[in-house]
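Novice: Here it is: the structure, laid out below.
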Amino acid sequence: MNKEKELKKLKIVTQRIVENYDPEKIILFGSYAWGKPNKDSDFDIFVVKKTKNSYATAREIDGDIFPRSFSMDIVVYDPKKVDECLKSGDFFIKDIITKGKVLYAKN
């Protein structure tokens with residue numbers, strides 16, 4: 001696994017999401033963020049953006065970054081939903097927010 005190649009792919013994905021979907025934040029989580037990727041690892045991308053249908057938006061983003069030579073999972077949450085999850089103690093969202101690597105944050 002070539003780290004430089006992987007970072008280039010991640011940068012392209014981030015740029016495409018920023019240009020086409022106006023996210024508030026993009027966070028890398030999972031094995032690449034925790035520093036333990038292997039040859040079967042995929043990019044786990046958490047996108048915070050205003051949306052009424054997180055699932056449909058995630059599918060749209062995934063389809064926009066296709067074809068591609070790597071595996072990627074996209075999770076999209078509305079900012080209000082992120083706040084609700086953090087207030088309710090959702091460990092999944094808390095881990096992403098506290099341990100993930102921020103790839104993009106709107107000013």
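In the structure tokens, the first chain shown is A, the next is B, and so on; residue numbers restart at 1 for each chain, and ligands run from 1 in the order shown.
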Residues within 9 Å of stretch 55-69 of chain A, please, as an NGL selection string. Count only C-alpha atoms; anything in the same chain fewer than 4 positions from it doesn't count.
Specialist: :A and (13 or 16-17 or 20-21 or 47 or 51 or 73-77)
Novice: What residues in chain A get the DSSP label strand (DSSP E)? Please answer as a list of chain:residue names.
Specialist: A:Lys25, A:Ile26, A:Ile27, A:Leu28, A:Phe29, A:Phe43, A:Asp44, A:Ile45, A:Phe46, A:Val47, A:Val48, A:Met72, A:Asp73, A:Ile74, A:Val75, A:Val76, A:Tyr77, A:Lys101, A:Val102, A:Leu103, A:Tyr104, A:Ala105
Novice: Keeping only C-alpha atoms, take the residues you just selected and write them out as a PDB file, in the first residue's frame.
Specialist:
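Listed below is the output, result_16.pdb:
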```
ATOM      1  CA  LYS A  25     -17.319  19.253   7.356  1.00  0.00           C
ATOM      2  CA  ILE A  26     -15.678  16.116   5.963  1.00  0.00           C
ATOM      3  CA  ILE A  27     -14.048  13.690   8.395  1.00  0.00           C
ATOM      4  CA  LEU A  28     -12.029  10.559   7.698  1.00  0.00           C
ATOM      5  CA  PHE A  29     -12.713   7.772  10.196  1.00  0.00           C
ATOM      6  CA  PHE A  43     -11.945   5.041   2.983  1.00  0.00           C
ATOM      7  CA  ASP A  44     -14.613   5.791   5.582  1.00  0.00           C
ATOM      8  CA  ILE A  45     -15.847   9.328   4.971  1.00  0.00           C
ATOM      9  CA  PHE A  46     -18.243  11.211   7.270  1.00  0.00           C
ATOM     10  CA  VAL A  47     -19.897  14.215   5.626  1.00  0.00           C
ATOM     11  CA  VAL A  48     -21.751  16.826   7.659  1.00  0.00           C
ATOM     12  CA  MET A  72     -15.190   3.859   0.017  1.00  0.00           C
ATOM     13  CA  ASP A  73     -18.037   4.160   2.515  1.00  0.00           C
ATOM     14  CA  ILE A  74     -19.839   7.499   2.763  1.00  0.00           C
ATOM     15  CA  VAL A  75     -21.920   8.453   5.792  1.00  0.00           C
ATOM     16  CA  VAL A  76     -23.886  11.722   5.649  1.00  0.00           C
ATOM     17  CA  TYR A  77     -25.485  13.421   8.647  1.00  0.00           C
ATOM     18  CA  LYS A 101      -9.216  13.330  10.890  1.00  0.00           C
ATOM     19  CA  VAL A 102     -10.861  16.478   9.579  1.00  0.00           C
ATOM     20  CA  LEU A 103     -10.284  16.659   5.831  1.00  0.00           C
ATOM     21  CA  TYR A 104     -12.352  19.812   5.320  1.00  0.00           C
ATOM     22  CA  ALA A 105     -14.171  22.327   7.506  1.00  0.00           C
TER      23      ALA A 105
END
```
Novice: Using only C-alpha atoms, find the one residue out of A:Ser41, A:Asn2, A:Ser54, A:Ser88 that sits nearest to A:Phe70.
Specialist: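 Of A:Ser41, A:Asn2, A:Ser54, A:Ser88, the one nearest A:Phe70 is A:Ser41, counting only C-alpha atoms.
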Novice: Which residue gives the smallest distance to A:Lys80 among A:Glu24, A:Ala33, A:Asp95, A:Asp42, with only C-alpha atoms counted?
Specialist: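 The answer is A:Glu24, which sits nearest to A:Lys80.
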Novice: What is the distance, in Å and to one decimal place, between atom CA of A:Gly35 and atom CA of A:Leu7?
Specialist: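 Between these atoms lies a distance of 12.6 Å.
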Novice: Taking only C-alpha atoms into account, name the residue in A:Lys94, A:Asp83, A:Pro37, A:Lys49 that is nearest to A:Glu6.
Specialist: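 Under the stated criterion, the closest residue is A:Pro37.
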Novice: List every residue of stretch 14-90 of chain A that DSSP, applied to the backbone of this structure, assigns to helix (DSSP H, G or I), and report them as a compact mmCIF listing (two decimals) with N, CA and C atoms, in the first residue's frame.
Specialist:
```txt
# COMPACT_ATOMS: atom_id res chain seq x y z
N THR A 14 -12.17 14.40 -1.46
CA THR A 14 -12.53 15.56 -0.64
C THR A 14 -12.86 16.75 -1.53
N GLN A 15 -12.03 17.03 -2.51
CA GLN A 15 -12.27 18.16 -3.42
C GLN A 15 -13.59 18.01 -4.16
N ARG A 16 -13.87 16.82 -4.64
CA ARG A 16 -15.11 16.59 -5.38
C ARG A 16 -16.33 16.82 -4.49
N ILE A 17 -16.27 16.34 -3.26
CA ILE A 17 -17.40 16.53 -2.34
C ILE A 17 -17.58 18.01 -2.04
N VAL A 18 -16.49 18.72 -1.77
CA VAL A 18 -16.56 20.15 -1.46
C VAL A 18 -17.14 20.92 -2.64
N GLU A 19 -16.65 20.64 -3.83
CA GLU A 19 -17.09 21.37 -5.03
C GLU A 19 -18.56 21.13 -5.37
N ASN A 20 -19.04 19.92 -5.16
CA ASN A 20 -20.38 19.56 -5.63
C ASN A 20 -21.47 19.50 -4.56
N TYR A 21 -21.09 19.46 -3.27
CA TYR A 21 -22.11 19.22 -2.25
C TYR A 21 -22.13 20.22 -1.09
N SER A 31 -10.09 2.77 9.72
CA SER A 31 -8.69 2.34 9.75
C SER A 31 -7.71 3.38 9.22
N TYR A 32 -8.09 4.13 8.19
CA TYR A 32 -7.16 5.16 7.69
C TYR A 32 -6.98 6.28 8.71
N ALA A 33 -8.03 6.65 9.40
CA ALA A 33 -7.91 7.71 10.41
C ALA A 33 -7.20 7.22 11.66
N TRP A 34 -7.43 5.97 12.02
CA TRP A 34 -6.83 5.43 13.25
C TRP A 34 -5.39 5.00 13.00
N SER A 54 -30.34 11.92 4.41
CA SER A 54 -28.92 11.57 4.52
C SER A 54 -28.55 10.39 3.65
N TYR A 55 -29.41 9.38 3.62
CA TYR A 55 -29.11 8.18 2.85
C TYR A 55 -29.03 8.49 1.36
N ALA A 56 -30.00 9.24 0.86
CA ALA A 56 -30.01 9.60 -0.57
C ALA A 56 -28.81 10.46 -0.92
N THR A 57 -28.44 11.37 -0.05
CA THR A 57 -27.28 12.22 -0.30
C THR A 57 -26.00 11.39 -0.32
N ALA A 58 -25.88 10.44 0.59
CA ALA A 58 -24.70 9.57 0.62
C ALA A 58 -24.61 8.76 -0.67
N ARG A 59 -25.74 8.25 -1.14
CA ARG A 59 -25.76 7.48 -2.40
C ARG A 59 -25.38 8.36 -3.59
N GLU A 60 -25.87 9.60 -3.57
CA GLU A 60 -25.55 10.53 -4.65
C GLU A 60 -24.05 10.84 -4.69
N ILE A 61 -23.48 11.11 -3.52
CA ILE A 61 -22.04 11.39 -3.44
C ILE A 61 -21.25 10.16 -3.91
N ASP A 62 -21.65 9.00 -3.42
CA ASP A 62 -20.96 7.76 -3.80
C ASP A 62 -21.00 7.55 -5.32
N GLY A 63 -22.15 7.81 -5.92
CA GLY A 63 -22.28 7.65 -7.36
C GLY A 63 -21.49 8.67 -8.15
N ASP A 64 -21.32 9.85 -7.57
CA ASP A 64 -20.57 10.92 -8.23
C ASP A 64 -19.08 10.61 -8.28
N PRO A 79 -26.24 18.52 10.21
CA PRO A 79 -25.61 19.07 11.43
C PRO A 79 -26.49 18.95 12.67
N LYS A 80 -27.81 19.12 12.51
CA LYS A 80 -28.71 18.98 13.66
C LYS A 80 -28.70 17.55 14.20
N LYS A 81 -28.63 16.59 13.29
CA LYS A 81 -28.58 15.18 13.69
C LYS A 81 -27.28 14.87 14.43
N VAL A 82 -26.17 15.45 13.96
CA VAL A 82 -24.89 15.27 14.65
C VAL A 82 -25.00 15.78 16.08
N ASP A 83 -25.57 16.98 16.25
CA ASP A 83 -25.74 17.55 17.59
C ASP A 83 -26.62 16.66 18.47
N GLU A 84 -27.71 16.17 17.91
CA GLU A 84 -28.60 15.27 18.66
C GLU A 84 -27.86 14.01 19.11
N CYS A 85 -27.10 13.44 18.21
CA CYS A 85 -26.35 12.22 18.52
C CYS A 85 -25.32 12.45 19.61
N LEU A 86 -24.62 13.57 19.53
CA LEU A 86 -23.62 13.89 20.55
C LEU A 86 -24.28 14.10 21.91
N LYS A 87 -25.42 14.79 21.93
CA LYS A 87 -26.13 15.04 23.18
C LYS A 87 -26.68 13.75 23.79
N SER A 88 -27.05 12.80 22.94
CA SER A 88 -27.62 11.55 23.44
C SER A 88 -26.55 10.51 23.78
```
